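Participant: Contents are compact mmCIF, C-alpha atoms; file name entry_24.txt:
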# COMPACT_ATOMS: atom_id res chain seq x y z
CA MET A 16 0.60 -18.22 -44.38
CA THR A 17 1.85 -17.96 -40.79
CA SER A 18 0.18 -20.47 -38.47
CA VAL A 19 -0.75 -19.74 -34.87
CA LEU A 20 -1.70 -21.69 -31.76
CA ILE A 21 -3.65 -19.58 -29.24
CA VAL A 22 -3.41 -20.53 -25.56
CA ASP A 23 -5.62 -18.63 -23.08
CA ASP A 24 -8.15 -19.77 -20.49
CA GLU A 25 -10.60 -16.96 -21.28
CA MET A 26 -12.87 -18.03 -24.11
CA PHE A 27 -13.62 -14.43 -25.10
CA ILE A 28 -9.90 -13.69 -25.41
CA VAL A 29 -9.35 -16.77 -27.58
CA GLU A 30 -12.26 -15.69 -29.79
CA LEU A 31 -10.88 -12.16 -29.96
CA TYR A 32 -7.41 -13.26 -31.08
CA ARG A 33 -8.90 -15.74 -33.55
CA ASP A 34 -11.22 -13.11 -35.09
CA ILE A 35 -8.48 -10.55 -35.50
CA LEU A 36 -5.68 -12.86 -36.58
CA GLN A 37 -7.87 -14.51 -39.22
CA LEU A 38 -8.92 -11.07 -40.48
CA ARG A 39 -5.24 -10.17 -40.80
CA GLY A 40 -4.48 -13.29 -42.82
CA TYR A 41 -3.06 -15.66 -40.22
CA ARG A 42 -3.99 -19.34 -40.00
CA VAL A 43 -5.26 -20.16 -36.52
CA MET A 44 -4.43 -23.85 -36.44
CA GLY A 45 -5.59 -24.49 -32.90
CA THR A 46 -6.62 -23.17 -29.52
CA ALA A 47 -6.06 -24.41 -25.97
CA PHE A 48 -7.54 -23.28 -22.69
CA ASP A 49 -4.64 -24.27 -20.43
CA GLY A 50 -0.98 -25.12 -20.66
CA GLU A 51 -1.50 -28.85 -20.44
CA GLU A 52 -3.98 -28.86 -23.32
CA ALA A 53 -1.56 -26.75 -25.33
CA LEU A 54 1.28 -29.16 -24.64
CA ARG A 55 -0.90 -32.16 -25.52
CA LYS A 56 -2.00 -30.63 -28.82
CA TYR A 57 1.52 -29.49 -29.61
CA THR A 58 3.00 -32.93 -28.98
CA LYS A 59 0.33 -34.77 -31.00
CA SER A 60 0.43 -32.53 -34.05
CA ASP A 61 2.96 -33.04 -36.83
CA ASP A 62 2.14 -29.58 -38.13
CA LYS A 63 3.81 -27.28 -35.61
CA PRO A 64 2.60 -23.68 -35.39
CA ASP A 65 4.93 -20.90 -36.50
CA VAL A 66 3.92 -18.89 -33.45
CA ILE A 67 2.28 -19.70 -30.13
CA ILE A 68 0.44 -16.90 -28.34
CA MET A 69 0.68 -17.89 -24.68
CA ASP A 70 -1.16 -16.54 -21.65
CA HIS A 71 0.31 -17.14 -18.19
CA ARG A 72 -2.38 -17.52 -15.56
CA MET A 73 -4.31 -20.65 -16.51
CA PRO A 74 -5.66 -23.70 -14.67
CA VAL A 75 -3.81 -27.06 -14.61
CA MET A 76 -0.57 -25.73 -16.12
CA ASN A 77 0.46 -22.07 -16.36
CA GLY A 78 2.03 -20.40 -19.37
CA VAL A 79 5.61 -20.34 -18.09
CA ASP A 80 5.59 -24.07 -17.36
CA ALA A 81 3.94 -24.85 -20.70
CA THR A 82 6.52 -22.71 -22.52
CA LYS A 83 9.37 -24.53 -20.76
CA GLU A 84 7.96 -27.91 -21.83
CA ILE A 85 7.37 -26.80 -25.41
CA MET A 86 10.86 -25.32 -25.69
CA ARG A 87 12.27 -28.58 -24.36
CA LEU A 88 10.52 -30.40 -27.21
CA ASN A 89 11.41 -27.81 -29.83
CA PRO A 90 14.00 -25.16 -28.87
CA SER A 91 13.33 -23.17 -32.06
CA GLN A 92 9.60 -22.75 -31.38
CA LYS A 93 8.51 -19.09 -31.31
CA VAL A 94 6.35 -18.20 -28.33
CA ILE A 95 4.90 -14.72 -27.79
CA PHE A 96 3.87 -14.33 -24.19
CA VAL A 97 0.84 -12.16 -23.40
CA SER A 98 -0.22 -11.59 -19.82
CA ALA A 99 -1.84 -9.16 -17.45
CA ASP A 100 0.91 -10.11 -14.97
CA VAL A 101 3.78 -7.83 -15.96
CA LEU A 102 5.92 -9.27 -13.17
CA VAL A 103 6.11 -12.58 -15.00
CA GLU A 104 7.95 -11.13 -18.01
CA LYS A 105 11.43 -12.21 -16.90
CA GLU A 106 10.27 -15.74 -16.09
CA ALA A 107 8.55 -15.95 -19.48
CA ARG A 108 11.67 -14.83 -21.36
CA ASP A 109 13.84 -17.17 -19.30
CA ALA A 110 11.48 -20.00 -20.24
CA GLY A 111 12.13 -19.23 -23.89
CA ALA A 112 9.48 -16.73 -24.99
CA VAL A 113 10.78 -14.49 -27.78
CA ASP A 114 8.59 -11.58 -26.77
CA PHE A 115 6.25 -10.34 -24.08
CA LEU A 116 3.18 -8.11 -24.33
CA PRO A 117 1.43 -6.84 -21.20
CA LYS A 118 -2.37 -6.90 -21.41
CA PRO A 119 -4.09 -4.84 -22.59
CA PHE A 120 -2.04 -4.25 -25.73
CA ARG A 121 -2.81 -2.91 -29.20
CA MET A 122 -3.47 -5.71 -31.67
CA ASP A 123 -1.19 -3.86 -34.09
CA ASP A 124 1.65 -4.41 -31.61
CA LEU A 125 0.97 -8.14 -31.61
CA ILE A 126 0.72 -8.23 -35.41
CA GLU A 127 4.01 -6.34 -35.67
CA LYS A 128 5.74 -8.96 -33.53
CA MET A 129 4.12 -11.77 -35.54
CA GLU A 130 5.30 -10.22 -38.78
CA LYS A 131 8.82 -9.89 -37.43
CA ILE A 132 8.81 -13.61 -36.64
CA SER A 133 7.34 -14.45 -40.07
CA ARG A 134 10.08 -12.51 -41.85
CA PHE A 135 12.82 -14.52 -40.15
CA ARG A 136 11.08 -17.85 -40.54
CA MET B 136 -3.57 -22.24 10.52
CA THR B 137 -4.72 -19.18 12.45
CA GLU B 138 -3.37 -15.69 11.87
CA SER B 139 -1.47 -14.23 14.81
CA ASN B 140 -2.35 -10.76 13.62
CA PRO B 141 -5.86 -10.45 12.13
CA ASN B 142 -4.72 -7.38 10.15
CA HIS B 143 -2.21 -9.49 8.24
CA GLY B 144 -4.97 -11.92 7.27
CA SER B 145 -7.28 -9.21 6.01
CA GLU B 146 -4.42 -7.49 4.20
CA ARG B 147 -3.53 -10.73 2.45
CA LEU B 148 -7.17 -11.29 1.56
CA SER B 149 -7.37 -7.74 0.13
CA ALA B 150 -4.23 -8.35 -1.92
CA PHE B 151 -5.65 -11.64 -3.16
CA PHE B 152 -8.93 -10.08 -4.30
CA MET B 153 -7.11 -7.10 -5.77
CA ASP B 154 -4.95 -9.48 -7.79
CA LEU B 155 -7.92 -11.51 -9.07
CA LEU B 156 -10.00 -8.45 -9.82
CA SER B 157 -7.23 -6.60 -11.63
CA HIS B 158 -6.39 -9.64 -13.74
CA ASP B 159 -9.97 -9.98 -14.92
CA ILE B 160 -10.41 -6.25 -15.50
CA LEU B 161 -7.26 -6.17 -17.66
CA ASN B 162 -8.47 -9.17 -19.66
CA ASN B 163 -11.81 -7.47 -20.28
CA ASN B 164 -10.08 -4.21 -21.14
CA GLN B 165 -8.05 -6.15 -23.70
CA ALA B 166 -11.23 -7.32 -25.40
CA VAL B 167 -12.91 -3.90 -25.36
CA LEU B 168 -9.79 -2.19 -26.65
CA SER B 169 -9.22 -4.66 -29.46
CA TYR B 170 -12.82 -4.62 -30.69
CA LEU B 171 -12.75 -0.82 -30.67
CA GLU B 172 -9.57 -0.98 -32.75
CA LEU B 173 -11.43 -3.22 -35.18
CA VAL B 174 -14.24 -0.66 -35.39
CA LEU B 175 -11.73 2.13 -36.00
CA ALA B 176 -10.02 0.14 -38.73
CA ASN B 177 -13.14 0.52 -40.89
CA PRO B 178 -12.33 3.31 -43.38
CA ASP B 179 -16.04 3.98 -43.94
CA LEU B 180 -16.70 4.77 -40.28
CA ASP B 181 -18.37 8.17 -39.95
CA ALA B 182 -16.61 10.93 -38.03
CA LYS B 183 -19.00 10.95 -35.09
CA ALA B 184 -18.74 7.19 -34.53
CA ARG B 185 -14.94 7.44 -34.84
CA ASP B 186 -14.95 10.16 -32.19
CA TYR B 187 -17.06 8.01 -29.84
CA ALA B 188 -14.79 4.98 -30.34
CA GLU B 189 -11.67 7.04 -29.68
CA LYS B 190 -13.18 8.44 -26.50
CA ALA B 191 -14.07 4.90 -25.38
CA ILE B 192 -10.45 3.81 -25.99
CA SER B 193 -9.28 6.70 -23.86
CA HIS B 194 -11.45 5.54 -20.95
CA VAL B 195 -10.35 1.91 -21.28
CA ARG B 196 -6.71 2.99 -21.17
CA THR B 197 -7.35 5.19 -18.14
CA SER B 198 -9.07 2.33 -16.32
CA THR B 199 -6.06 0.15 -17.09
CA VAL B 200 -3.73 2.72 -15.56
CA LEU B 201 -5.90 2.94 -12.46
CA VAL B 202 -5.76 -0.82 -12.02
CA GLU B 203 -1.99 -0.89 -12.52
CA HIS B 204 -1.58 1.97 -10.12
CA ALA B 205 -3.64 0.28 -7.43
CA LYS B 206 -1.59 -2.91 -7.86
CA ASN B 207 1.67 -0.98 -7.64
CA LEU B 208 0.47 0.88 -4.58
CA MET B 209 -0.32 -2.42 -2.90
CA ALA B 210 3.21 -3.61 -3.67
CA ALA B 211 4.78 -0.32 -2.60
CA ARG B 212 3.17 -0.47 0.82
CA THR B 213 5.54 -3.22 1.74
CA ALA B 214 8.55 -1.83 -0.15
CA ASP B 215 11.70 -1.13 1.79
CA PRO B 216 12.72 2.55 1.35
CA ASN B 217 16.34 1.35 1.42
CA SER B 218 15.67 -0.43 -1.85
CA PHE B 219 14.77 2.79 -3.66
CA ARG B 220 17.19 3.66 -6.45
CA PRO B 221 17.93 6.87 -8.36
CA VAL B 222 15.32 7.49 -11.03
CA ASP B 223 16.00 9.95 -13.85
CA LEU B 224 12.98 12.25 -13.63
CA MET B 225 13.43 13.61 -17.15
CA ARG B 226 13.54 10.08 -18.55
CA SER B 227 10.23 9.37 -16.79
CA VAL B 228 8.80 12.58 -18.26
CA MET B 229 9.86 11.64 -21.79
CA LEU B 230 8.34 8.17 -21.38
CA ALA B 231 5.09 9.73 -20.19
CA ILE B 232 5.01 12.22 -23.08
CA LYS B 233 5.46 9.34 -25.52
CA GLU B 234 2.70 7.29 -23.90
CA LEU B 235 0.18 10.11 -23.42
CA PRO B 236 -1.42 10.21 -26.91
CA ARG B 237 -2.37 6.54 -26.57
CA PHE B 238 -4.62 7.44 -23.65
CA PHE B 239 -6.30 10.33 -25.43
CA PRO B 240 -6.41 9.50 -29.15
CA ALA B 241 -9.19 12.01 -29.82
CA ARG B 242 -7.37 14.97 -28.29
CA GLU B 243 -4.51 17.12 -29.43
CA ILE B 244 -1.96 17.35 -26.65
CA LYS B 245 0.99 19.72 -26.79
CA VAL B 246 3.68 19.34 -24.15
CA ARG B 247 6.32 22.04 -23.81
CA VAL B 248 9.36 21.29 -21.67
CA VAL B 249 10.27 24.69 -20.27
CA GLN B 250 12.88 23.77 -17.71
CA ALA B 251 14.66 20.42 -17.56
CA PRO B 252 17.99 20.03 -15.76
CA THR B 253 20.02 16.98 -16.73
CA ASP B 254 20.84 15.95 -13.17
CA ALA B 255 17.30 15.59 -11.77
CA TYR B 256 17.48 12.19 -10.12
CA VAL B 257 14.97 11.22 -7.44
CA LEU B 258 14.67 8.28 -5.06
CA GLY B 259 12.07 5.81 -6.21
CA ASP B 260 11.30 2.56 -7.93
CA ALA B 261 9.03 1.44 -10.77
CA LEU B 262 6.28 3.42 -9.07
CA ALA B 263 8.04 6.67 -10.02
CA ASP B 264 7.43 6.14 -13.77
CA ASP B 265 3.77 5.33 -13.07
CA LEU B 266 3.46 8.40 -10.93
CA VAL B 267 4.80 10.74 -13.59
CA LEU B 268 2.53 9.21 -16.25
CA ASN B 269 -0.38 9.45 -13.87
CA ALA B 270 0.34 13.13 -13.22
CA PHE B 271 0.18 13.84 -16.98
CA ILE B 272 -3.02 11.82 -17.38
CA ASP B 273 -4.65 13.67 -14.48
CA MET B 274 -3.56 16.99 -15.96
CA VAL B 275 -5.18 16.18 -19.31
CA ARG B 276 -8.32 14.94 -17.60
CA THR B 277 -8.77 18.25 -15.79
CA ASP B 278 -8.73 20.12 -19.12
CA PRO B 279 -12.18 20.04 -20.75
CA GLY B 280 -10.93 21.13 -24.19
CA ASP B 281 -10.03 19.02 -27.23
CA GLU B 282 -6.69 20.82 -27.45
CA VAL B 283 -4.51 20.59 -24.38
CA SER B 284 -1.29 22.51 -23.69
CA ILE B 285 0.91 21.47 -20.81
CA ASP B 286 4.08 23.18 -19.67
CA VAL B 287 6.68 21.08 -17.86
CA ARG B 288 9.27 22.34 -15.42
CA ILE B 289 11.62 20.43 -13.16
CA ILE B 290 12.80 22.58 -10.28
CA LYS B 291 14.79 22.16 -7.08
CA SER B 292 12.74 22.22 -3.90
CA GLU B 293 12.84 21.34 -0.22
CA ARG B 294 10.54 19.21 1.87
CA GLY B 295 11.31 19.55 5.54
CA SER B 296 15.06 19.03 5.73
CA LYS B 297 15.19 16.99 2.54
CA MET B 298 16.41 18.30 -0.79
CA CYS B 299 13.96 17.38 -3.52
CA TRP B 300 13.13 17.75 -7.17
CA SER B 301 9.64 18.89 -8.15
CA LEU B 302 8.06 18.06 -11.46
CA VAL B 303 5.61 20.87 -12.14
CA LEU B 304 2.92 20.51 -14.81
CA SER B 305 0.73 23.47 -15.65
CA ASP B 306 -2.23 23.90 -17.95
CA PRO B 307 -3.94 27.30 -18.32
CA ASN B 308 -7.25 25.66 -19.26
CA ALA B 309 -7.41 23.05 -16.49
CA VAL B 310 -10.35 23.17 -14.09
CA LEU B 311 -9.58 21.73 -10.65
CA GLN B 312 -12.30 20.19 -8.52
CA PRO B 313 -12.44 21.65 -4.99
CA GLY B 314 -11.34 18.41 -3.27
CA MET B 315 -8.19 18.16 -5.37
CA LYS B 316 -6.55 21.18 -3.81
CA SER B 317 -6.17 19.64 -0.38
CA VAL B 318 -5.90 15.92 0.13
CA ASP B 319 -5.48 14.86 3.73
CA LEU B 320 -4.19 11.33 3.27
CA SER B 321 -4.49 10.38 6.92
CA ALA B 322 -8.16 11.32 6.91
CA LEU B 323 -8.92 9.43 3.70
CA LEU B 324 -9.62 6.03 5.21
CA SER B 325 -12.06 7.35 7.78
CA GLN B 326 -13.80 9.59 5.29
CA ASP B 327 -17.25 9.00 3.86
CA ASN B 328 -16.63 7.60 0.35
CA SER B 329 -19.44 9.67 -1.07
CA LYS B 330 -17.51 12.85 -0.29
CA MET B 331 -14.22 11.78 -1.81
CA VAL B 332 -12.68 13.48 -4.78
CA LYS B 333 -13.97 11.83 -7.94
CA MET B 334 -10.53 11.40 -9.49
CA ALA B 335 -9.14 8.15 -8.16
CA GLY B 336 -6.00 8.74 -10.23
CA PHE B 337 -5.29 11.90 -8.31
CA LEU B 338 -5.68 10.14 -4.97
CA PHE B 339 -3.44 7.30 -6.09
CA ALA B 340 -0.80 9.82 -7.14
CA SER B 341 -0.95 11.48 -3.73
CA MET B 342 -0.66 8.16 -1.89
CA ALA B 343 2.11 6.84 -4.14
CA ALA B 344 4.15 10.04 -3.80
CA HIS B 345 3.73 9.79 -0.03
CA LEU B 346 5.02 6.19 -0.08
CA LEU B 347 8.13 7.37 -1.92
CA GLY B 348 8.69 10.04 0.74
CA GLY B 349 7.36 12.87 -1.38
CA GLU B 350 4.10 14.63 -2.11
CA PHE B 351 1.70 15.48 -4.90
CA ASP B 352 -0.02 18.85 -4.84
CA ALA B 353 -2.50 20.65 -7.00
CA LYS B 354 -3.32 24.33 -7.11
CA GLU B 355 -5.01 26.86 -9.35
CA LEU B 356 -2.73 28.81 -11.65
CA VAL B 357 -4.38 32.02 -10.53
CA ALA B 358 -5.55 31.56 -6.94
CA GLY B 359 -9.27 31.97 -6.32
CA THR B 360 -10.26 32.18 -9.98
CA GLY B 361 -10.88 28.47 -10.63
CA GLN B 362 -8.91 28.94 -13.84
CA GLY B 363 -5.89 26.90 -14.79
CA GLY B 364 -4.20 24.15 -12.86
CA GLU B 365 -0.75 23.23 -11.68
CA PHE B 366 0.34 19.82 -10.39
CA ALA B 367 3.61 19.44 -8.51
CA LEU B 368 5.09 16.01 -7.91
CA THR B 369 7.89 16.35 -5.36
CA LEU B 370 10.28 13.47 -4.72
CA VAL B 371 13.45 13.20 -2.66
CA LYS B 372 16.62 14.11 -4.54
CA ALA B 373 19.06 11.29 -5.32
CA GLY B 374 22.64 11.32 -6.49
CA LYS B 375 23.45 10.55 -10.08
CA PRO B 376 23.95 6.74 -10.38
Please express what this file holds, its structure, as structure tokens.

Facilitator:
Amino acid sequence: MTSVLIVDDEMFIVELYRDILQLRGYRVMGTAFDGEEALRKYTKSDDKPDVIIMDHRMPVMNGVDATKEIMRLNPSQKVIFVSADVLVEKEARDAGAVDFLPKPFRMDDLIEKMEKISRFR
Amino acid sequence: MTESNPNHGSERLSAFFMDLLSHDILNNNQAVLSYLELVLANPDLDAKARDYAEKAISHVRTSTVLVEHAKNLMAARTADPNSFRPVDLMRSVMLAIKELPRFFPAREIKVRVVQAPTDAYVLGDALADDLVLNAFIDMVRTDPGDEVSIDVRIIKSERGSKMCWSLVLSDPNAVLQPGMKSVDLSALLSQDNSKMVKMAGFLFASMAAHLLGGEFDAKELVAGTGQGGEFALTLVKAGKP
């Protein structure tokens, strides 16, 4: 079962992703409300997620910076960037994100990208 | 630090609020859209409820486009016209045709490309793609029927001394509101909001076209009858890149 870490500062968005991903058979192994919390949880855990769903605009540490740090720790980590800021796509990809989805997106589009990653795991 | 020009301060403040507001609207649209998709995924959903959910999705998508368009307009206000590049108008049309059903899942939309030269390049930037999509969305929104037929033509035109390309969309069943046929952009800001045309998308299209050195016009297919509508997006011709 593909495991996911959800990182977004909006509680309702975290709940939304969790509801839908669990319904579709994914294991939501954790959530974080900012980049720093995500980095802390990622570093502490021995069980690394297969995929991280990463927002950009968050307090304390934004998504691009968090992605850079996570990729430094584990260059093969798969991060799917999701953001309402379309202008940040290049920065996100440069930081190491494998894909980018501008909000709002169809959940099927996210699932499709997750499945693609799962197949090549 | 004090602002030397108070207009710059207020403009920056507007941009700041626009940015915050749009970010939160898009996040909320994400939630509405995804929960509606969950509702629609239920195979036992009755036809009426499915219809309502699809209509709701259509409105969420339209609100997203309006937000994006307002953001892009804000950015375009400070864009340097020298930075405009050739944009393949037909490519923008094909992108818009592909995107259109996502905005109106409950409606059957037929688009017929009647005239499409291969060398129709116009001067623009990312705003040009948005503009073309917006023109299609506005066209569909003016048609009250569940089945919509739009004809597309790209024709050569002139605007003052400038050679242009015009993207013309026509729909025999469109119904144009009176205010859509003549938009005086310079008068907009001093106008009483309560008298403005209801379609913000149409106004954005007019303003965005103006920023790219072009124009966006609407007229009835048969003058004076109120029947049918034609939108023409005219942008300055560019050489093939």

Participant: Kindly provide, as a list of chain:residue names, the residues of chain A having any atom no farther than 7 Å from an atom of chain B, counting only C-alpha atoms.

Facilitator: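 Residues of chain A within 7 Å of chain B, counting only C-alpha atoms: A:Ile28, A:Leu31, A:Ala99, A:Lys118, A:Pro119, A:Phe120, A:Arg121, A:Met122.
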
Participant: Residues at most 7 Å from Ser341 of chain B, counting all atoms listed in the file, excluding those fewer than 3 positions away in the same chain, as an MDAnalysis selection string?

Facilitator: chainID B and resid 337:338 344:345 350:351

Participant: With all atoms listed in the file as the atoms that count, which of B:Asn269, B:Thr369, B:Thr277, B:Ser145 lies nearest to Leu201 of chain B?

Facilitator: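 Nearest candidate to Leu201 of chain B out of B:Asn269, B:Thr369, B:Thr277, B:Ser145: B:Asn269.
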
Participant: Near Thr253 of chain B, counting all atoms listed in the file, which residues have an atom at most 10 Å away, once you skip same-chain residues fewer than 6 positions from it, shown as a list in words?

Facilitator: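 Non-adjacent residues within range: Asp223, Leu224, Met225, Arg226, Ile289 and Lys375 of chain B.
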
Participant: Please identify all polymer residues within 12 Å of Phe135 of chain A, counting all atoms listed in the file, omitting same-chain residues fewer than 6 positions from it, and present them as a PyMOL selection string.

Facilitator: chain A and resi 17+65-66+91+93+128-129

Participant: How many Å lie between atom CA of Ile21 of chain A and atom CA of Ser198 of chain B, rounded to one decimal?

Facilitator: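 Between atom CA of Ile21 of chain A and atom CA of Ser198 of chain B the gap works out to 26.0 Å.
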
Participant: Enter the distance from atom CA of Ala188 of chain B to atom CA of Asn308 of chain B, in Å, rounded to one decimal.

Facilitator: 24.6 Å

Participant: Residues within 12 Å of (-5.5, 17.4, -21.0), file coordinates, counting all atoms listed in the file: what are they? Give the list as a PyMOL selection string.

Facilitator: chain B and resi 193+232+235-236+238-246+269-286+304-311+363-365

Participant: Where atoms are absent from segment 224-247 of chain B, fill them in so it carries N, CA and C atoms, then output it as a compact mmCIF listing (two decimals), in the coordinates of the input.

Facilitator:
# COMPACT_ATOMS: atom_id res chain seq x y z
N LEU B 224 14.32 11.66 -13.51
CA LEU B 224 12.98 12.25 -13.63
C LEU B 224 12.66 12.65 -15.07
N MET B 225 13.67 13.18 -15.78
CA MET B 225 13.43 13.61 -17.15
C MET B 225 13.14 12.42 -18.07
N ARG B 226 13.80 11.29 -17.77
CA ARG B 226 13.54 10.08 -18.55
C ARG B 226 12.08 9.65 -18.34
N SER B 227 11.62 9.72 -17.09
CA SER B 227 10.23 9.37 -16.79
C SER B 227 9.27 10.31 -17.52
N VAL B 228 9.65 11.59 -17.57
CA VAL B 228 8.80 12.58 -18.26
C VAL B 228 8.72 12.24 -19.75
N MET B 229 9.86 11.94 -20.35
CA MET B 229 9.86 11.64 -21.79
C MET B 229 9.04 10.39 -22.09
N LEU B 230 9.14 9.38 -21.21
CA LEU B 230 8.34 8.17 -21.38
C LEU B 230 6.85 8.51 -21.33
N ALA B 231 6.49 9.35 -20.36
CA ALA B 231 5.09 9.73 -20.19
C ALA B 231 4.58 10.51 -21.41
N ILE B 232 5.41 11.42 -21.92
CA ILE B 232 5.01 12.22 -23.08
C ILE B 232 4.76 11.30 -24.29
N LYS B 233 5.60 10.29 -24.41
CA LYS B 233 5.46 9.34 -25.52
C LYS B 233 4.18 8.52 -25.38
N GLU B 234 3.86 8.14 -24.15
CA GLU B 234 2.70 7.29 -23.90
C GLU B 234 1.37 8.05 -23.98
N LEU B 235 1.41 9.33 -23.63
CA LEU B 235 0.18 10.11 -23.42
C LEU B 235 -0.84 10.05 -24.55
N PRO B 236 -0.42 10.21 -25.82
CA PRO B 236 -1.42 10.21 -26.91
C PRO B 236 -2.23 8.91 -26.99
N ARG B 237 -1.65 7.82 -26.52
CA ARG B 237 -2.37 6.54 -26.57
C ARG B 237 -3.58 6.56 -25.64
N PHE B 238 -3.50 7.37 -24.60
CA PHE B 238 -4.62 7.44 -23.65
C PHE B 238 -5.71 8.40 -24.13
N PHE B 239 -5.34 9.33 -24.99
CA PHE B 239 -6.30 10.33 -25.43
C PHE B 239 -6.22 10.49 -26.95
N PRO B 240 -6.59 9.43 -27.70
CA PRO B 240 -6.41 9.50 -29.15
C PRO B 240 -7.24 10.58 -29.83
N ALA B 241 -8.32 11.03 -29.18
CA ALA B 241 -9.19 12.01 -29.82
C ALA B 241 -8.78 13.44 -29.50
N ARG B 242 -7.73 13.62 -28.70
CA ARG B 242 -7.37 14.97 -28.29
C ARG B 242 -5.98 15.35 -28.76
N GLU B 243 -5.82 16.64 -29.01
CA GLU B 243 -4.51 17.12 -29.43
C GLU B 243 -3.77 17.64 -28.20
N ILE B 244 -2.68 16.99 -27.88
CA ILE B 244 -1.96 17.35 -26.65
C ILE B 244 -0.58 17.89 -27.00
N LYS B 245 -0.33 19.14 -26.56
CA LYS B 245 0.99 19.72 -26.79
C LYS B 245 1.70 19.83 -25.45
N VAL B 246 2.90 19.27 -25.39
CA VAL B 246 3.68 19.34 -24.15
C VAL B 246 4.94 20.14 -24.43
N ARG B 247 5.14 21.19 -23.62
CA ARG B 247 6.32 22.04 -23.81
C ARG B 247 7.21 21.91 -22.57
